[in-house]
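Text of upload.pdb, listed as PDB, C-alpha atoms:
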```pdb
ATOM      1  CA  MET N  27       0.000   0.000   0.000  1.00  0.00           C
ATOM      2  CA  ARG N  28       2.612   2.581   1.084  1.00  0.00           C
ATOM      3  CA  PHE N  29       6.219   1.986   0.124  1.00  0.00           C
ATOM      4  CA  SER N  30       8.243   4.665   1.921  1.00  0.00           C
ATOM      5  CA  TYR N  31       9.452   4.773   5.501  1.00  0.00           C
ATOM      6  CA  PRO N  32       7.663   6.842   8.182  1.00  0.00           C
ATOM      7  CA  PRO N  33       7.028   9.725   8.599  1.00  0.00           C
ATOM      8  CA  TYR N  34       5.112  10.109   5.372  1.00  0.00           C
ATOM      9  CA  PRO N  35       4.655  13.522   3.789  1.00  0.00           C
ATOM     10  CA  PHE N  36       0.979  14.354   3.431  1.00  0.00           C
ATOM     11  CA  TRP N  37       1.144  14.329  -0.384  1.00  0.00           C
ATOM     12  CA  SER N  38       2.189  10.664  -0.349  1.00  0.00           C
ATOM     13  CA  VAL N  39      -0.844   9.583   1.696  1.00  0.00           C
ATOM     14  CA  TRP N  40      -3.275  12.091   0.145  1.00  0.00           C
ATOM     15  CA  ILE N  41      -5.211   9.395  -1.734  1.00  0.00           C
ATOM     16  CA  TYR N  42      -5.753   7.445   1.502  1.00  0.00           C
ATOM     17  CA  LEU N  43      -7.078  10.421   3.495  1.00  0.00           C
ATOM     18  CA  SER N  44     -10.770  10.960   4.098  1.00  0.00           C
ATOM     19  CA  THR N  45     -12.633  13.991   2.801  1.00  0.00           C
ATOM     20  CA  SER N  46     -12.603  15.699   6.197  1.00  0.00           C
ATOM     21  CA  GLU N  47      -8.834  15.175   6.526  1.00  0.00           C
ATOM     22  CA  ARG N  48      -8.284  16.628   3.058  1.00  0.00           C
ATOM     23  CA  LEU N  49     -10.499  19.612   3.836  1.00  0.00           C
ATOM     24  CA  PHE N  50      -8.628  20.174   7.083  1.00  0.00           C
ATOM     25  CA  LEU N  51      -5.270  20.116   5.264  1.00  0.00           C
ATOM     26  CA  LEU N  52      -6.584  22.659   2.764  1.00  0.00           C
ATOM     27  CA  LEU N  53      -7.810  24.864   5.624  1.00  0.00           C
ATOM     28  CA  LEU N  54      -4.439  24.482   7.334  1.00  0.00           C
ATOM     29  CA  GLY N  55      -2.712  25.529   4.119  1.00  0.00           C
ATOM     30  CA  GLY N  56      -4.899  28.631   3.953  1.00  0.00           C
ATOM     31  CA  MET N  57      -4.107  29.335   7.568  1.00  0.00           C
ATOM     32  CA  CYS N  58      -0.375  29.076   6.811  1.00  0.00           C
ATOM     33  CA  VAL N  59      -0.767  31.657   4.033  1.00  0.00           C
ATOM     34  CA  TYR N  60      -2.666  33.918   6.458  1.00  0.00           C
ATOM     35  CA  PHE N  61       0.061  33.532   9.097  1.00  0.00           C
ATOM     36  CA  LEU N  62       2.773  34.269   6.537  1.00  0.00           C
ATOM     37  CA  CYS N  63       1.020  37.454   5.355  1.00  0.00           C
ATOM     38  CA  SER N  64       0.262  38.466   8.932  1.00  0.00           C
ATOM     39  CA  GLY N  65       3.897  37.947   9.914  1.00  0.00           C
ATOM     40  CA  VAL N  66       5.154  40.052   7.015  1.00  0.00           C
ATOM     41  CA  ILE N  67       2.696  42.849   7.866  1.00  0.00           C
ATOM     42  CA  THR N  68       3.662  42.688  11.546  1.00  0.00           C
ATOM     43  CA  LEU N  69       7.379  42.870  10.780  1.00  0.00           C
ATOM     44  CA  SER N  70       6.942  45.806   8.401  1.00  0.00           C
ATOM     45  CA  ARG N  71       4.824  47.707  10.928  1.00  0.00           C
ATOM     46  CA  ALA N  72       7.277  46.852  13.709  1.00  0.00           C
ATOM     47  CA  ARG N  73       9.973  48.625  11.702  1.00  0.00           C
ATOM     48  CA  LYS N  74       7.673  51.619  11.476  1.00  0.00           C
ATOM     49  CA  VAL N  75       7.227  51.594  15.271  1.00  0.00           C
ATOM     50  CA  ARG N  76      10.978  51.460  15.834  1.00  0.00           C
ATOM     51  CA  GLY N  77      11.523  54.426  13.527  1.00  0.00           C
ATOM     52  CA  SER N  78       8.558  56.400  14.863  1.00  0.00           C
ATOM     53  CA  LEU N  79       9.369  59.585  16.705  1.00  0.00           C
ATOM     54  CA  VAL N  80       5.806  60.134  17.944  1.00  0.00           C
ATOM     55  CA  ARG N  81       5.228  57.943  20.998  1.00  0.00           C
ATOM     56  CA  ALA N  82       1.415  57.927  20.761  1.00  0.00           C
ATOM     57  CA  ASP N  83       1.513  56.637  17.184  1.00  0.00           C
ATOM     58  CA  ALA N  84       3.969  53.924  18.148  1.00  0.00           C
ATOM     59  CA  GLU N  85       1.796  52.784  21.059  1.00  0.00           C
ATOM     60  CA  THR N  86      -1.309  52.679  18.844  1.00  0.00           C
ATOM     61  CA  ILE N  87       0.455  50.610  16.191  1.00  0.00           C
ATOM     62  CA  LEU N  88       1.914  48.302  18.843  1.00  0.00           C
ATOM     63  CA  ALA N  89      -1.530  47.741  20.396  1.00  0.00           C
ATOM     64  CA  ALA N  90      -2.945  46.842  16.978  1.00  0.00           C
ATOM     65  CA  LEU N  91      -0.062  44.440  16.334  1.00  0.00           C
ATOM     66  CA  ARG N  92      -0.569  42.764  19.703  1.00  0.00           C
ATOM     67  CA  GLN N  93      -4.273  42.378  18.939  1.00  0.00           C
ATOM     68  CA  ARG N  94      -3.396  40.798  15.582  1.00  0.00           C
ATOM     69  CA  SER N  95      -1.015  38.432  17.354  1.00  0.00           C
ATOM     70  CA  ALA N  96      -3.699  37.466  19.873  1.00  0.00           C
ATOM     71  CA  LYS N  97      -6.162  36.720  17.058  1.00  0.00           C
ATOM     72  CA  ALA N  98      -3.582  34.547  15.313  1.00  0.00           C
ATOM     73  CA  ASP N  99      -2.955  32.694  18.572  1.00  0.00           C
ATOM     74  CA  LYS N 100      -6.674  31.988  18.989  1.00  0.00           C
ATOM     75  CA  LEU N 101      -6.884  30.852  15.357  1.00  0.00           C
ATOM     76  CA  ARG N 102      -4.001  28.442  15.894  1.00  0.00           C
ATOM     77  CA  GLY N 103      -5.664  27.082  19.043  1.00  0.00           C
ATOM     78  CA  THR N 104      -8.942  26.589  17.186  1.00  0.00           C
ATOM     79  CA  ALA N 105      -7.119  24.780  14.383  1.00  0.00           C
ATOM     80  CA  PHE N 106      -5.515  22.473  16.935  1.00  0.00           C
ATOM     81  CA  LEU N 107      -8.893  21.600  18.457  1.00  0.00           C
ATOM     82  CA  LEU N 108     -10.442  21.063  15.018  1.00  0.00           C
ATOM     83  CA  PHE N 109      -7.500  18.816  14.170  1.00  0.00           C
ATOM     84  CA  GLY N 110      -8.305  16.675  17.216  1.00  0.00           C
ATOM     85  CA  VAL N 111     -11.932  16.392  16.148  1.00  0.00           C
ATOM     86  CA  VAL N 112     -11.014  15.419  12.577  1.00  0.00           C
ATOM     87  CA  LEU N 113      -8.326  12.942  13.649  1.00  0.00           C
ATOM     88  CA  PHE N 114     -10.425  11.084  16.200  1.00  0.00           C
ATOM     89  CA  GLU N 115     -13.530  11.168  14.040  1.00  0.00           C
ATOM     90  CA  ASN N 116     -11.600   9.397  11.298  1.00  0.00           C
ATOM     91  CA  MET N 117      -9.734   6.997  13.600  1.00  0.00           C
ATOM     92  CA  GLN N 118     -13.087   5.456  14.513  1.00  0.00           C
ATOM     93  CA  TRP N 119     -13.204   3.947  11.027  1.00  0.00           C
ATOM     94  CA  ALA N 120      -9.705   2.453  11.122  1.00  0.00           C
ATOM     95  CA  TYR N 121     -11.023  -0.955  12.149  1.00  0.00           C
ATOM     96  CA  VAL N 122     -13.580  -1.256   9.328  1.00  0.00           C
ATOM     97  CA  ASN N 123     -12.745  -3.871   6.724  1.00  0.00           C
ATOM     98  CA  ILE N 124     -15.248  -3.742   3.880  1.00  0.00           C
ATOM     99  CA  ASP N 125     -13.879  -6.404   1.575  1.00  0.00           C
ATOM    100  CA  LYS N 126     -13.720 -10.103   2.374  1.00  0.00           C
ATOM    101  CA  SER N 127      -9.980 -10.537   2.162  1.00  0.00           C
ATOM    102  CA  LYS N 128      -7.826 -13.181   3.791  1.00  0.00           C
ATOM    103  CA  THR N 129      -5.625 -10.474   5.306  1.00  0.00           C
ATOM    104  CA  PRO N 130      -5.788 -10.619   9.109  1.00  0.00           C
ATOM    105  CA  GLY N 131      -8.003  -7.913  10.596  1.00  0.00           C
ATOM    106  CA  GLY N 132      -5.256  -6.627  12.864  1.00  0.00           C
ATOM    107  CA  TRP N 133      -3.005  -5.971   9.893  1.00  0.00           C
ATOM    108  CA  VAL N 134      -5.740  -3.979   8.121  1.00  0.00           C
ATOM    109  CA  VAL N 135      -6.301  -1.889  11.247  1.00  0.00           C
ATOM    110  CA  LEU N 136      -2.569  -1.193  11.568  1.00  0.00           C
ATOM    111  CA  GLN N 137      -2.377  -0.122   7.922  1.00  0.00           C
ATOM    112  CA  ASN N 138      -5.314   2.210   8.437  1.00  0.00           C
ATOM    113  CA  PHE N 139      -3.693   3.650  11.560  1.00  0.00           C
ATOM    114  CA  GLN N 140      -0.546   4.230   9.526  1.00  0.00           C
ATOM    115  CA  THR N 141      -2.431   6.723   7.353  1.00  0.00           C
ATOM    116  CA  HIS N 142      -3.869   8.514  10.376  1.00  0.00           C
ATOM    117  CA  PHE N 143      -0.460   8.681  12.052  1.00  0.00           C
ATOM    118  CA  ALA N 144       1.083  10.171   8.903  1.00  0.00           C
ATOM    119  CA  PHE N 145      -1.715  12.750   8.807  1.00  0.00           C
ATOM    120  CA  ALA N 146      -1.221  13.542  12.510  1.00  0.00           C
ATOM    121  CA  PHE N 147       2.560  13.875  12.174  1.00  0.00           C
ATOM    122  CA  ASN N 148       2.266  16.343   9.304  1.00  0.00           C
ATOM    123  CA  VAL N 149      -0.362  18.458  11.038  1.00  0.00           C
ATOM    124  CA  PHE N 150       1.581  18.534  14.317  1.00  0.00           C
ATOM    125  CA  PHE N 151       4.727  19.565  12.444  1.00  0.00           C
ATOM    126  CA  ILE N 152       2.920  22.400  10.637  1.00  0.00           C
ATOM    127  CA  LEU N 153       1.300  23.568  13.875  1.00  0.00           C
ATOM    128  CA  LEU N 154       4.726  23.523  15.558  1.00  0.00           C
ATOM    129  CA  ILE N 155       6.174  25.731  12.806  1.00  0.00           C
ATOM    130  CA  LEU N 156       3.231  28.127  13.162  1.00  0.00           C
ATOM    131  CA  HIS N 157       3.664  28.193  16.947  1.00  0.00           C
ATOM    132  CA  ILE N 158       7.370  28.966  16.713  1.00  0.00           C
ATOM    133  CA  SER N 159       6.780  31.746  14.180  1.00  0.00           C
ATOM    134  CA  GLU N 160       4.089  33.330  16.348  1.00  0.00           C
ATOM    135  CA  TRP N 161       6.339  33.007  19.378  1.00  0.00           C
ATOM    136  CA  LEU N 162       9.108  34.899  17.573  1.00  0.00           C
ATOM    137  CA  VAL N 163       6.697  37.642  16.474  1.00  0.00           C
ATOM    138  CA  SER N 164       5.378  37.936  20.033  1.00  0.00           C
ATOM    139  CA  ALA N 165       8.923  38.199  21.377  1.00  0.00           C
ATOM    140  CA  LEU N 166       9.641  40.990  18.894  1.00  0.00           C
ATOM    141  CA  LEU N 167       6.517  42.874  19.960  1.00  0.00           C
ATOM    142  CA  ASN N 168       7.441  42.478  23.635  1.00  0.00           C
ATOM    143  CA  ARG N 169      10.934  43.803  22.961  1.00  0.00           C
ATOM    144  CA  ILE N 170       9.480  46.856  21.221  1.00  0.00           C
ATOM    145  CA  ALA N 171       7.042  47.393  24.102  1.00  0.00           C
ATOM    146  CA  VAL N 172       9.920  47.405  26.600  1.00  0.00           C
ATOM    147  CA  HIS N 173      11.590  50.226  24.663  1.00  0.00           C
ATOM    148  CA  LEU N 174       8.345  52.235  24.710  1.00  0.00           C
ATOM    149  CA  LYS N 175       7.927  52.127  28.523  1.00  0.00           C
ATOM    150  CA  PRO N 176       8.256  55.486  30.198  1.00  0.00           C
ATOM    151  CA  GLN N 177      11.772  56.023  31.535  1.00  0.00           C
ATOM    152  CA  GLY N 178      10.555  57.822  34.694  1.00  0.00           C
ATOM    153  CA  LEU N 179       8.730  54.728  36.056  1.00  0.00           C
ATOM    154  CA  ALA N 180      11.727  52.416  36.128  1.00  0.00           C
TER
END
```

Conversion result in structure tokens:
Amino acid sequence: MRFSYPPYPFWSVWIYLSTSERLFLLLLGGMCVYFLCSGVITLSRARKVRGSLVRADAETILAALRQRSAKADKLRGTAFLLFGVVLFENMQWAYVNIDKSKTPGGWVVLQNFQTHFAFAFNVFFILLILHISEWLVSALLNRIAVHLKPQGLA
């Protein structure tokens, strides 16, 4: 059925994935594009904040960037929960053997789990990359916020 060694890239097990798993991967791809665009916008506006001489403008831009970062964090959390729903909804069908083959049932179940594990590995890896990128953006925003604190309160 599958001839490469684990972990499988999602394009190699695409034909074995269910419709909901495929839809989730497409949604995750769209989310990655959103995160990439959001990261580029955040970095370009962060440069503007660093070069800004007007403190009120810098604080307003920084507040908007932090709000954008919080929304992205909630989106990533929602994607993680939806991933759990999709994974476990599809794992329920791993034991179903429709044809009347002479292959032992345990072997069929293990092969079906192999597809779900490949799907899970790829999604976890993508979510890890998104988490690390958001963490770096958040660290940048925190560093900028430290430079904007009033000097008299320290």

task = Tell me which of N:Asp83, N:Gln137, N:Arg102, N:Met117 sits closest to Ile158 (chain N), counting all atoms listed in the file.
result = N:Arg102

ask   = So which one's closest to Lys100 (chain N), N:Asn116, N:His157, N:Val149, N:Phe139? Using only C-alpha atoms, please.
value =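 Under the stated criterion, the closest residue is N:His157.
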
task = Given the file shown, determine the residues that the PyMOL selection byres ((chain N and resi 58-72) around 10) selects; report them as number ranges by chain.
result = N: 52-57, 73-78, 84, 87-88, 90-92, 94-95, 98-99, 101-102, 152-153, 155-156, 159-160, 162-164, 166-167, 170

One-decimal distance in Å that lies between CA of Phe36 (chain N) and CA of Asn148 (chain N) =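 Spanning CA of Asn148 (chain N) to CA of Phe36 (chain N) is a straight-line distance of 6.3 Å.
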
key: Residue among N:Ala96, N:Ala89, N:Val172, N:Leu51 lying closest to Ala146 (chain N), counting all atoms listed in the file   = N:Leu51

ask   = Rounded to one decimal in Å, what is the spacing between CA of Tyr121 (chain N) and CA of Phe147 (chain N)?
value =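 For CA of Tyr121 (chain N) relative to CA of Phe147 (chain N), the distance reads 20.1 Å.
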
request  = Would you mind reading off the distance between CA of Phe50 (chain N) and CA of Trp161 (chain N), one decimal, in Å?
outcome  = 23.2 Å
